[in-house]
file protein.pdb (PDB, C-alpha atoms)
ATOM      1  CA  LYS M   1      83.625  33.118  94.740
ATOM      2  CA  ALA M   2      81.625  35.305  92.381
ATOM      3  CA  GLY M   3      79.784  38.232  93.897
ATOM      4  CA  VAL M   4      76.210  39.310  93.442
ATOM      5  CA  THR M   5      75.449  39.854  89.789
ATOM      6  CA  GLN M   6      72.729  42.057  88.387
ATOM      7  CA  THR M   7      71.460  42.334  84.849
ATOM      8  CA  PRO M   8      71.134  44.491  82.943
ATOM      9  CA  ARG M   9      73.551  47.093  84.239
ATOM     10  CA  TYR M  10      71.879  49.958  82.424
ATOM     11  CA  LEU M  11      68.362  50.398  81.147
ATOM     12  CA  ILE M  12      66.493  53.219  79.485
ATOM     13  CA  LYS M  13      62.716  53.094  79.359
ATOM     14  CA  THR M  14      59.888  55.518  78.706
ATOM     15  CA  ARG M  15      57.010  56.408  80.978
ATOM     16  CA  GLY M  16      54.274  53.836  81.095
ATOM     17  CA  GLN M  17      56.498  50.903  80.175
ATOM     18  CA  GLN M  18      57.388  48.095  82.509
ATOM     19  CA  VAL M  19      60.792  46.698  83.392
ATOM     20  CA  THR M  20      62.231  43.520  84.908
ATOM     21  CA  LEU M  21      65.542  43.473  86.705
ATOM     22  CA  SER M  22      67.434  40.335  87.592
ATOM     23  CA  CYS M  23      69.696  39.404  90.483
ATOM     24  CA  SER M  24      71.841  36.323  91.048
ATOM     25  CA  PRO M  25      73.022  36.011  94.654
ATOM     26  CA  ILE M  26      76.385  34.763  95.816
ATOM     27  CA  SER M  27      76.541  31.002  95.532
ATOM     28  CA  GLY M  28      75.054  29.447  98.654
ATOM     29  CA  HIS M  29      73.199  32.571  99.681
ATOM     30  CA  ARG M  30      69.487  32.042 100.030
ATOM     31  CA  SER M  31      68.178  35.460 101.001
ATOM     32  CA  VAL M  32      67.862  38.390  98.599
ATOM     33  CA  SER M  33      66.937  41.997  99.313
ATOM     34  CA  TRP M  34      66.330  44.892  96.952
ATOM     35  CA  TYR M  35      67.021  48.566  97.517
ATOM     36  CA  GLN M  36      66.434  51.726  95.528
ATOM     37  CA  GLN M  37      69.113  54.425  95.560
ATOM     38  CA  THR M  38      68.329  57.977  94.458
ATOM     39  CA  PRO M  39      70.085  61.289  95.138
ATOM     40  CA  GLY M  40      66.995  62.666  96.878
ATOM     41  CA  GLN M  41      65.824  59.713  98.968
ATOM     42  CA  GLY M  42      69.079  57.837  99.440
ATOM     43  CA  LEU M  43      68.975  54.066  99.913
ATOM     44  CA  GLN M  44      65.517  52.686 100.572
ATOM     45  CA  PHE M  45      64.459  49.120 101.209
ATOM     46  CA  LEU M  46      62.134  47.624  98.610
ATOM     47  CA  PHE M  47      61.616  43.998  99.646
ATOM     48  CA  GLU M  48      63.320  40.854 100.828
ATOM     49  CA  TYR M  49      62.903  37.251  99.763
ATOM     50  CA  PHE M  50      63.773  33.936 101.305
ATOM     51  CA  SER M  51      62.676  30.468 100.246
ATOM     52  CA  GLU M  52      60.740  31.951  97.341
ATOM     53  CA  THR M  53      58.583  33.989  99.731
ATOM     54  CA  GLN M  54      58.467  37.716 100.185
ATOM     55  CA  ARG M  55      59.243  38.270 103.850
ATOM     56  CA  ASN M  56      58.946  42.031 104.054
ATOM     57  CA  LYS M  57      58.158  44.928 101.788
ATOM     58  CA  GLY M  58      59.143  48.559 102.036
ATOM     59  CA  ASN M  59      56.948  51.578 101.541
ATOM     60  CA  PHE M  60      56.630  51.461  97.771
ATOM     61  CA  PRO M  61      53.508  51.367  95.582
ATOM     62  CA  GLY M  62      52.116  48.127  94.235
ATOM     63  CA  ARG M  63      53.744  48.840  90.866
ATOM     64  CA  PHE M  64      56.900  47.442  92.440
ATOM     65  CA  SER M  65      56.887  43.685  92.749
ATOM     66  CA  GLY M  66      59.336  40.860  92.863
ATOM     67  CA  ARG M  67      59.840  37.171  93.138
ATOM     68  CA  GLN M  68      62.447  34.615  94.011
ATOM     69  CA  PHE M  69      63.080  31.339  92.281
ATOM     70  CA  SER M  70      64.022  27.966  93.722
ATOM     71  CA  ASN M  71      67.702  28.583  92.875
ATOM     72  CA  SER M  72      67.530  31.804  94.983
ATOM     73  CA  ARG M  73      67.802  34.068  91.955
ATOM     74  CA  SER M  74      65.438  37.006  92.160
ATOM     75  CA  GLU M  75      63.700  39.416  89.850
ATOM     76  CA  MET M  76      61.970  42.672  90.493
ATOM     77  CA  ASN M  77      59.410  44.260  88.247
ATOM     78  CA  VAL M  78      58.225  47.815  87.971
ATOM     79  CA  SER M  79      55.082  48.395  85.962
ATOM     80  CA  THR M  80      53.747  51.656  84.513
ATOM     81  CA  LEU M  81      57.052  53.419  84.925
ATOM     82  CA  GLU M  82      57.141  56.997  86.157
ATOM     83  CA  LEU M  83      59.917  59.555  85.846
ATOM     84  CA  GLY M  84      60.521  59.271  89.590
ATOM     85  CA  ASP M  85      61.418  55.594  89.217
ATOM     86  CA  SER M  86      64.753  56.591  87.710
ATOM     87  CA  ALA M  87      67.260  55.219  90.173
ATOM     88  CA  LEU M  88      69.989  52.723  90.869
ATOM     89  CA  TYR M  89      68.379  49.451  91.935
ATOM     90  CA  LEU M  90      70.580  47.390  94.192
ATOM     91  CA  CYS M  91      70.314  43.747  95.039
ATOM     92  CA  ALA M  92      71.919  42.298  98.153
ATOM     93  CA  SER M  93      72.294  38.700  99.194
ATOM     94  CA  SER M  94      72.905  37.025 102.513
ATOM     95  CA  LEU M  95      73.306  33.451 103.705
ATOM     96  CA  GLU M  96      70.020  33.008 105.465
ATOM     97  CA  PHE M  97      67.030  34.985 106.643
ATOM     98  CA  ARG M  98      67.027  36.449 110.159
ATOM     99  CA  ARG M  99      70.377  34.910 110.962
ATOM    100  CA  LYS M 100      71.796  36.546 114.082
ATOM    101  CA  ARG M 101      74.970  37.660 112.359
ATOM    102  CA  ASN M 102      73.635  38.373 108.922
ATOM    103  CA  GLU M 103      75.675  40.362 106.452
ATOM    104  CA  GLN M 104      74.340  41.641 103.176
ATOM    105  CA  PHE M 105      76.582  41.774 100.127
ATOM    106  CA  PHE M 106      75.601  44.157  97.389
ATOM    107  CA  GLY M 107      75.702  43.859  93.638
ATOM    108  CA  PRO M 108      76.739  46.637  91.256
ATOM    109  CA  GLY M 109      73.165  47.683  90.634
ATOM    110  CA  THR M 110      71.001  48.342  87.607
ATOM    111  CA  ARG M 111      70.832  51.979  86.571
ATOM    112  CA  LEU M 112      67.293  52.632  85.339
ATOM    113  CA  THR M 113      66.521  55.834  83.485
ATOM    114  CA  VAL M 114      62.906  56.661  82.701
ATOM    115  CA  LEU M 115      62.332  59.223  79.967
TER     116      LEU M 115
ATOM    117  CA  ALA Q   1      59.675  54.643 112.799
ATOM    118  CA  GLN Q   2      63.281  53.562 112.772
ATOM    119  CA  SER Q   3      65.738  56.028 111.342
ATOM    120  CA  VAL Q   4      69.456  56.583 110.929
ATOM    121  CA  SER Q   5      71.089  60.004 110.996
ATOM    122  CA  GLN Q   6      74.442  60.890 109.567
ATOM    123  CA  HIS Q   7      75.238  64.410 110.603
ATOM    124  CA  ASN Q   8      78.098  65.090 108.236
ATOM    125  CA  HIS Q   9      76.920  65.309 104.649
ATOM    126  CA  HIS Q  10      80.194  66.400 103.090
ATOM    127  CA  VAL Q  11      83.617  66.209 104.678
ATOM    128  CA  ILE Q  12      86.798  67.542 103.124
ATOM    129  CA  LEU Q  13      90.156  66.541 104.585
ATOM    130  CA  SER Q  14      93.808  66.588 103.708
ATOM    131  CA  GLU Q  15      95.774  63.367 103.637
ATOM    132  CA  ALA Q  16      96.963  62.208 107.073
ATOM    133  CA  ALA Q  17      94.139  64.027 108.842
ATOM    134  CA  SER Q  18      91.993  62.083 111.272
ATOM    135  CA  LEU Q  19      88.423  61.201 110.414
ATOM    136  CA  GLU Q  20      85.319  60.738 112.490
ATOM    137  CA  LEU Q  21      81.892  60.337 110.896
ATOM    138  CA  GLY Q  22      78.847  60.394 113.110
ATOM    139  CA  CYS Q  23      75.955  57.950 112.988
ATOM    140  CA  ASN Q  24      72.950  57.839 115.289
ATOM    141  CA  TYR Q  25      69.952  55.576 115.064
ATOM    142  CA  SER Q  26      66.550  55.440 116.637
ATOM    143  CA  TYR Q  27      65.454  51.996 117.778
ATOM    144  CA  GLY Q  28      65.147  50.719 121.305
ATOM    145  CA  GLY Q  29      65.762  47.047 120.653
ATOM    146  CA  THR Q  30      68.726  44.930 119.646
ATOM    147  CA  VAL Q  31      70.464  46.031 116.474
ATOM    148  CA  ASN Q  32      73.133  44.988 114.029
ATOM    149  CA  LEU Q  33      75.192  47.927 112.813
ATOM    150  CA  PHE Q  34      77.152  48.418 109.624
ATOM    151  CA  TRP Q  35      79.242  50.888 107.732
ATOM    152  CA  TYR Q  36      79.324  50.564 103.962
ATOM    153  CA  VAL Q  37      81.544  52.445 101.538
ATOM    154  CA  GLN Q  38      80.844  53.301  97.923
ATOM    155  CA  TYR Q  39      83.935  54.309  95.948
ATOM    156  CA  PRO Q  40      83.340  56.320  92.764
ATOM    157  CA  GLY Q  41      81.917  54.031  90.098
ATOM    158  CA  GLN Q  42      81.929  51.006  92.368
ATOM    159  CA  HIS Q  43      79.306  49.122  94.295
ATOM    160  CA  LEU Q  44      78.587  49.222  98.007
ATOM    161  CA  GLN Q  45      81.183  47.370 100.038
ATOM    162  CA  LEU Q  46      81.012  46.396 103.675
ATOM    163  CA  LEU Q  47      83.568  48.343 105.694
ATOM    164  CA  LEU Q  48      82.795  46.930 109.118
ATOM    165  CA  LYS Q  49      80.019  45.448 111.203
ATOM    166  CA  TYR Q  50      78.862  45.101 114.780
ATOM    167  CA  PHE Q  51      76.685  42.250 115.985
ATOM    168  CA  SER Q  52      77.508  41.912 119.673
ATOM    169  CA  GLY Q  53      80.406  41.845 122.135
ATOM    170  CA  ASP Q  54      83.289  44.320 122.080
ATOM    171  CA  PRO Q  55      81.768  47.684 121.122
ATOM    172  CA  LEU Q  56      84.961  48.717 119.342
ATOM    173  CA  VAL Q  57      85.092  46.989 115.979
ATOM    174  CA  LYS Q  58      87.807  47.072 113.390
ATOM    175  CA  GLY Q  59      87.189  46.892 109.677
ATOM    176  CA  ILE Q  60      89.119  46.949 106.470
ATOM    177  CA  LYS Q  61      91.608  49.626 105.430
ATOM    178  CA  GLY Q  62      92.306  50.817 108.966
ATOM    179  CA  PHE Q  63      88.758  51.888 109.784
ATOM    180  CA  GLU Q  64      87.169  51.291 113.152
ATOM    181  CA  ALA Q  65      83.851  52.128 114.754
ATOM    182  CA  GLU Q  66      82.580  52.333 118.292
ATOM    183  CA  PHE Q  67      79.096  51.324 119.364
ATOM    184  CA  ILE Q  68      77.829  53.388 122.294
ATOM    185  CA  LYS Q  69      74.513  51.873 123.253
ATOM    186  CA  SER Q  70      73.503  54.663 125.639
ATOM    187  CA  LYS Q  71      73.929  57.220 122.873
ATOM    188  CA  PHE Q  72      72.481  55.047 120.070
ATOM    189  CA  SER Q  73      75.621  55.863 118.129
ATOM    190  CA  PHE Q  74      78.032  54.005 115.878
ATOM    191  CA  ASN Q  75      80.684  56.479 114.799
ATOM    192  CA  LEU Q  76      83.294  55.638 112.194
ATOM    193  CA  ARG Q  77      86.931  56.622 112.724
ATOM    194  CA  LYS Q  78      90.250  56.479 110.959
ATOM    195  CA  PRO Q  79      93.383  58.003 112.449
ATOM    196  CA  SER Q  80      94.987  58.997 109.159
ATOM    197  CA  VAL Q  81      93.060  59.202 105.881
ATOM    198  CA  GLN Q  82      94.479  58.653 102.418
ATOM    199  CA  TRP Q  83      93.472  60.056  99.045
ATOM    200  CA  SER Q  84      92.113  56.591  98.184
ATOM    201  CA  ASP Q  85      89.542  56.934 101.000
ATOM    202  CA  THR Q  86      87.619  59.430  98.873
ATOM    203  CA  ALA Q  87      84.171  57.861  98.694
ATOM    204  CA  GLU Q  88      80.661  57.965 100.084
ATOM    205  CA  TYR Q  89      80.122  56.330 103.450
ATOM    206  CA  PHE Q  90      76.807  54.921 104.631
ATOM    207  CA  CYS Q  91      75.806  53.881 108.106
ATOM    208  CA  ALA Q  92      73.142  51.164 108.209
ATOM    209  CA  VAL Q  93      71.111  49.528 110.933
ATOM    210  CA  ASN Q  94      69.240  46.264 111.042
ATOM    211  CA  ALA Q  95      66.666  46.063 113.779
ATOM    212  CA  ARG Q  96      66.773  42.421 114.754
ATOM    213  CA  ASP Q  97      63.058  41.837 114.837
ATOM    214  CA  ASN Q  98      61.510  39.895 111.992
ATOM    215  CA  THR Q  99      63.498  41.316 109.119
ATOM    216  CA  ASP Q 100      66.985  41.619 107.689
ATOM    217  CA  LYS Q 101      66.246  44.948 106.046
ATOM    218  CA  LEU Q 102      68.846  47.645 106.392
ATOM    219  CA  ILE Q 103      67.890  51.205 107.158
ATOM    220  CA  PHE Q 104      70.510  53.519 105.760
ATOM    221  CA  GLY Q 105      71.632  56.980 106.685
ATOM    222  CA  THR Q 106      71.774  59.607 103.976
ATOM    223  CA  GLY Q 107      75.488  59.093 103.495
ATOM    224  CA  THR Q 108      78.590  61.203 103.968
ATOM    225  CA  ARG Q 109      80.656  62.237 101.009
ATOM    226  CA  LEU Q 110      84.335  62.265 101.951
ATOM    227  CA  GLN Q 111      86.880  64.057  99.803
ATOM    228  CA  VAL Q 112      90.550  63.665 100.663
ATOM    229  CA  PHE Q 113      93.068  65.967  99.030
ATOM    230  CA  PRO Q 114      96.741  65.090  98.723
TER     231      PRO Q 114
END
call {"tool": "encode", "arguments": {"input": "protein.pdb", "output": "structure tokens"}}
result
Amino acid sequence: KAGVTQTPRYLIKTRGQQVTLSCSPISGHRSVSWYQQTPGQGLQFLFEYFSETQRNKGNFPGRFSGRQFSNSRSEMNVSTLELGDSALYLCASSLEFRRKRNEQFFGPGTRLTVL
Amino acid sequence: AQSVSQHNHHVILSEAASLELGCNYSYGGTVNLFWYVQYPGQHLQLLLKYFSGDPLVKGIKGFEAEFIKSKFSFNLRKPSVQWSDTAEYFCAVNARDNTDKLIFGTGTRLQVFP
């Protein structure tokens, strides 16, 4: 079974631009979460999606948004990029939402560099 | 606010030494607990998990962890480390309320020398 895939793997943008990152969950998984990983802040929760609905959002500005499609694939978008948005963006998928024994499986991440 | 503390930021061991990494969390309700490992250049992998039942859980590669509810702790152990265990280890907690979000500790960088 293929794991979580994320595209692109690497991205370089300049301040003020916007970016869209894509995540394909493990086949059969219906819930997708996004995390930001930086050396200073560690791993921080961005948002989670299930049934095309955002279920929860972390403490990030409105420039960070996302969506989920009917096939469970998800995208996240960051508008008006800032230098501090440089990070590894991780996508994780799980079978369902709020399942008692839910495990999240992580993708390789998209490394975003903002110049 | 919920938080997870990993007290050891950087641990250096020789092969065959025993390992214990501390993890404490702050949340009074029911939790799911996880340890993830990130090998150099690789993505986060689940090492072991606790949902309920026996507080001593065994994971992959000889790792185990013990959930002590009274201490809000979920420490990771391995009796004898190998050079291939060199990696970053993250403790994570899911507060089983209305979300699946994981709250991560800051991570522990483990270096094992032959």
call {"tool": "interface_residues", "arguments": {"input": "protein.pdb", "of": "chain M", "to": "chain Q", "cutoff": "8 Å", "atoms": "all atoms listed in the file", "output": "list in words"}}
result
Ser33, Gln41, Gly42, Leu43, Gln44, Phe45, Phe47, Glu48, Arg55, Asn56, Phe97, Arg98, Lys100, Arg101, Asn102, Phe105, Phe106, Gly107, Pro108 and Gly109 of chain M
call {"tool": "resolve_selection", "arguments": {"input": "protein.pdb", "expression": "the PyMOL selection byres ((chain M and resi 57-72) around 9)", "output": "VMD selection string"}}
result
(chain M and resid 20 24 to 25 28 to 32 44 to 56 73 to 81) or (chain Q and resid 101)
call {"tool": "atom_distance", "arguments": {"input": "protein.pdb", "atom1": "atom CA of Leu115 of chain M", "atom2": "atom CA of Val37 of chain Q"}}
result
29.7 Å
call {"tool": "resolve_selection", "arguments": {"input": "protein.pdb", "expression": "the PyMOL selection byres ((chain Q and resi 56-65) around 8)", "output": "MDAnalysis selection string"}}
result
chainID Q and resid 47:50 54:55 66:67 74:78
call {"tool": "residues_near_point", "arguments": {"input": "protein.pdb", "point": "(68.8, 60.2, 92.6)", "cutoff": "10 Å", "atoms": "all atoms listed in the file", "output": "list in words"}}
result
Gln36, Gln37, Thr38, Pro39, Gly40, Gln41, Gly42, Leu43, Gly84, Asp85, Ser86, Ala87 and Leu88 of chain M
call {"tool": "write_last_selection", "arguments": {"input": "protein.pdb", "atoms": "C-alpha atoms", "output": "PDB file, in the frame of the given file"}}
result
ATOM      1  CA  GLN M  36      66.434  51.726  95.528  1.00  0.00           C
ATOM      2  CA  GLN M  37      69.113  54.425  95.560  1.00  0.00           C
ATOM      3  CA  THR M  38      68.329  57.977  94.458  1.00  0.00           C
ATOM      4  CA  PRO M  39      70.085  61.289  95.138  1.00  0.00           C
ATOM      5  CA  GLY M  40      66.995  62.666  96.878  1.00  0.00           C
ATOM      6  CA  GLN M  41      65.824  59.713  98.968  1.00  0.00           C
ATOM      7  CA  GLY M  42      69.079  57.837  99.440  1.00  0.00           C
ATOM      8  CA  LEU M  43      68.975  54.066  99.913  1.00  0.00           C
ATOM      9  CA  GLY M  84      60.521  59.271  89.590  1.00  0.00           C
ATOM     10  CA  ASP M  85      61.418  55.594  89.217  1.00  0.00           C
ATOM     11  CA  SER M  86      64.753  56.591  87.710  1.00  0.00           C
ATOM     12  CA  ALA M  87      67.260  55.219  90.173  1.00  0.00           C
ATOM     13  CA  LEU M  88      69.989  52.723  90.869  1.00  0.00           C
TER      14      LEU M  88
END
call {"tool": "atom_distance", "arguments": {"input": "protein.pdb", "atom1": "atom CA of Ser73 of chain Q", "atom2": "atom CA of Leu13 of chain Q"}}
result
22.6 Å
call {"tool": "atom_distance", "arguments": {"input": "protein.pdb", "atom1": "atom CA of Ser94 of chain M", "atom2": "atom CA of Ala2 of chain M"}}
result
13.5 Å
call {"tool": "closest_residue", "arguments": {"input": "protein.pdb", "among": "Q:Ala17, Q:Ala87, Q:Val4, Q:Cys23", "to": "Gln111 of chain Q", "atoms": "all atoms listed in the file"}}
result
Q:Ala87
call {"tool": "residues_around", "arguments": {"input": "protein.pdb", "residues": "Asn8 of chain Q", "least_positions_apart": "2", "cutoff": "7 Å", "atoms": "only C-alpha atoms", "output": "PyMOL selection string"}}
result
chain Q and resi 6+10-11+21-22+108
call {"tool": "write_last_selection", "arguments": {"input": "protein.pdb", "atoms": "C-alpha atoms", "output": "PDB file, in the frame of the given file"}}
result
ATOM      1  CA  GLN Q   6      74.442  60.890 109.567  1.00  0.00           C
ATOM      2  CA  HIS Q  10      80.194  66.400 103.090  1.00  0.00           C
ATOM      3  CA  VAL Q  11      83.617  66.209 104.678  1.00  0.00           C
ATOM      4  CA  LEU Q  21      81.892  60.337 110.896  1.00  0.00           C
ATOM      5  CA  GLY Q  22      78.847  60.394 113.110  1.00  0.00           C
ATOM      6  CA  THR Q 108      78.590  61.203 103.968  1.00  0.00           C
TER       7      THR Q 108
END
call {"tool": "closest_residue", "arguments": {"input": "protein.pdb", "among": "M:Glu82, M:Ala92, M:Gln104, M:Thr5", "to": "Gln17 of chain M", "atoms": "all atoms listed in the file"}}
result
M:Glu82
call {"tool": "residues_around", "arguments": {"input": "protein.pdb", "residues": "Ser70 of chain Q", "least_positions_apart": "6", "cutoff": "12 Å", "atoms": "all atoms listed in the file", "output": "PDB file with C-alpha atoms, in the coordinates of the input"}}
result
ATOM      1  CA  ASN Q  24      72.950  57.839 115.289  1.00  0.00           C
ATOM      2  CA  TYR Q  25      69.952  55.576 115.064  1.00  0.00           C
ATOM      3  CA  SER Q  26      66.550  55.440 116.637  1.00  0.00           C
ATOM      4  CA  TYR Q  27      65.454  51.996 117.778  1.00  0.00           C
ATOM      5  CA  GLY Q  28      65.147  50.719 121.305  1.00  0.00           C
ATOM      6  CA  GLY Q  29      65.762  47.047 120.653  1.00  0.00           C
ATOM      7  CA  PRO Q  55      81.768  47.684 121.122  1.00  0.00           C
TER       8      PRO Q  55
END
call {"tool": "axis_aligned_box", "arguments": {"input": "protein.pdb", "around": "segment 90-101 of chain Q", "padding_each_side": "8 Å", "output": "JSON"}}
result
{"center_x": 69.2, "center_y": 47.4, "center_z": 109.7, "size_x": 31.3, "size_y": 31.0, "size_z": 26.2}
call {"tool": "resolve_selection", "arguments": {"input": "protein.pdb", "expression": "the PyMOL selection byres ((chain M and resi 110) around 9)", "output": "list of chain:residue names"}}
result
M:Gln6, M:Thr7, M:Pro8, M:Arg9, M:Tyr10, M:Leu11, M:Leu21, M:Ser22, M:Ala87, M:Leu88, M:Tyr89, M:Leu90, M:Cys91, M:Gly107, M:Pro108, M:Gly109, M:Arg111, M:Leu112
call {"tool": "residues_around", "arguments": {"input": "protein.pdb", "residues": "Ser84 of chain Q", "least_positions_apart": "5", "cutoff": "10 Å", "atoms": "all atoms listed in the file", "output": "list in words"}}
result
Glu15, Tyr39, Gln111, Val112, Phe113 and Pro114 of chain Q
call {"tool": "build_atoms", "arguments": {"input": "protein.pdb", "residues": "segment 55-64 of chain M", "atoms": "all heavy atoms", "output": "tab-separated table (two decimals), in the frame of the given file"}}
result
chain	number	residue	atom	x	y	z
M	55	ARG	N	59.30	38.23	102.39
M	55	ARG	CA	59.24	38.27	103.85
M	55	ARG	C	58.86	39.65	104.36
M	55	ARG	O	58.21	39.79	105.39
M	55	ARG	CB	60.60	37.87	104.43
M	55	ARG	CG	61.05	36.49	104.01
M	55	ARG	CD	60.16	35.40	104.57
M	55	ARG	NE	60.43	34.09	104.02
M	55	ARG	CZ	60.08	32.95	104.61
M	55	ARG	NH1	59.45	32.98	105.77
M	55	ARG	NH2	60.35	31.80	104.03
M	56	ASN	N	59.29	40.67	103.67
M	56	ASN	CA	58.95	42.03	104.05
M	56	ASN	C	58.96	42.92	102.82
M	56	ASN	O	59.66	42.62	101.85
M	56	ASN	CB	59.95	42.59	105.08
M	56	ASN	CG	59.73	42.04	106.45
M	56	ASN	OD1	58.78	42.39	107.14
M	56	ASN	ND2	60.62	41.14	106.86
M	57	LYS	N	58.19	43.99	102.89
M	57	LYS	CA	58.16	44.93	101.79
M	57	LYS	C	58.28	46.34	102.35
M	57	LYS	O	57.72	46.66	103.39
M	57	LYS	CB	56.86	44.80	101.00
M	57	LYS	CG	56.84	45.69	99.78
M	57	LYS	CD	55.63	45.45	98.88
M	57	LYS	CE	55.73	46.38	97.66
M	57	LYS	NZ	54.59	46.26	96.76
M	58	GLY	N	58.99	47.17	101.63
M	58	GLY	CA	59.14	48.56	102.04
M	58	GLY	C	57.96	49.39	101.59
M	58	GLY	O	56.99	48.88	101.02
M	59	ASN	N	58.06	50.67	101.82
M	59	ASN	CA	56.95	51.58	101.54
M	59	ASN	C	56.98	52.05	100.09
M	59	ASN	O	57.27	53.21	99.79
M	59	ASN	CB	57.02	52.77	102.50
M	59	ASN	CG	55.78	53.63	102.44
M	59	ASN	OD1	54.72	53.16	102.03
M	59	ASN	ND2	55.92	54.88	102.83
M	60	PHE	N	56.67	51.15	99.19
M	60	PHE	CA	56.63	51.46	97.77
M	60	PHE	C	55.27	51.05	97.22
M	60	PHE	O	54.63	50.13	97.74
M	60	PHE	CB	57.75	50.72	97.03
M	60	PHE	CG	59.09	51.37	97.15
M	60	PHE	CD1	59.88	51.15	98.26
M	60	PHE	CD2	59.55	52.22	96.16
M	60	PHE	CE1	61.11	51.77	98.39
M	60	PHE	CE2	60.79	52.84	96.27
M	60	PHE	CZ	61.57	52.61	97.40
M	61	PRO	N	54.83	51.72	96.14
M	61	PRO	CA	53.51	51.37	95.58
M	61	PRO	C	53.50	49.97	94.99
M	61	PRO	O	54.54	49.35	94.76
M	61	PRO	CB	53.30	52.43	94.49
M	61	PRO	CG	54.64	52.97	94.19
M	61	PRO	CD	55.45	52.85	95.44
M	62	GLY	N	52.29	49.48	94.74
M	62	GLY	CA	52.12	48.13	94.24
M	62	GLY	C	52.71	47.90	92.86
M	62	GLY	O	52.83	46.75	92.41
M	63	ARG	N	53.10	48.99	92.18
M	63	ARG	CA	53.74	48.84	90.87
M	63	ARG	C	55.09	48.11	90.99
M	63	ARG	O	55.60	47.58	90.01
M	63	ARG	CB	54.00	50.22	90.24
M	63	ARG	CG	52.77	51.06	90.01
M	63	ARG	CD	53.10	52.35	89.29
M	63	ARG	NE	53.96	53.24	90.05
M	63	ARG	CZ	55.26	53.45	89.78
M	63	ARG	NH1	55.84	52.82	88.78
M	63	ARG	NH2	55.97	54.28	90.51
M	64	PHE	N	55.63	48.12	92.18
M	64	PHE	CA	56.90	47.44	92.44
M	64	PHE	C	56.60	46.04	92.98
M	64	PHE	O	55.90	45.89	93.99
M	64	PHE	CB	57.72	48.22	93.47
M	64	PHE	CG	58.26	49.53	92.95
M	64	PHE	CD1	57.45	50.65	92.90
M	64	PHE	CD2	59.57	49.63	92.53
M	64	PHE	CE1	57.94	51.87	92.42
M	64	PHE	CE2	60.08	50.84	92.05
M	64	PHE	CZ	59.26	51.95	92.00
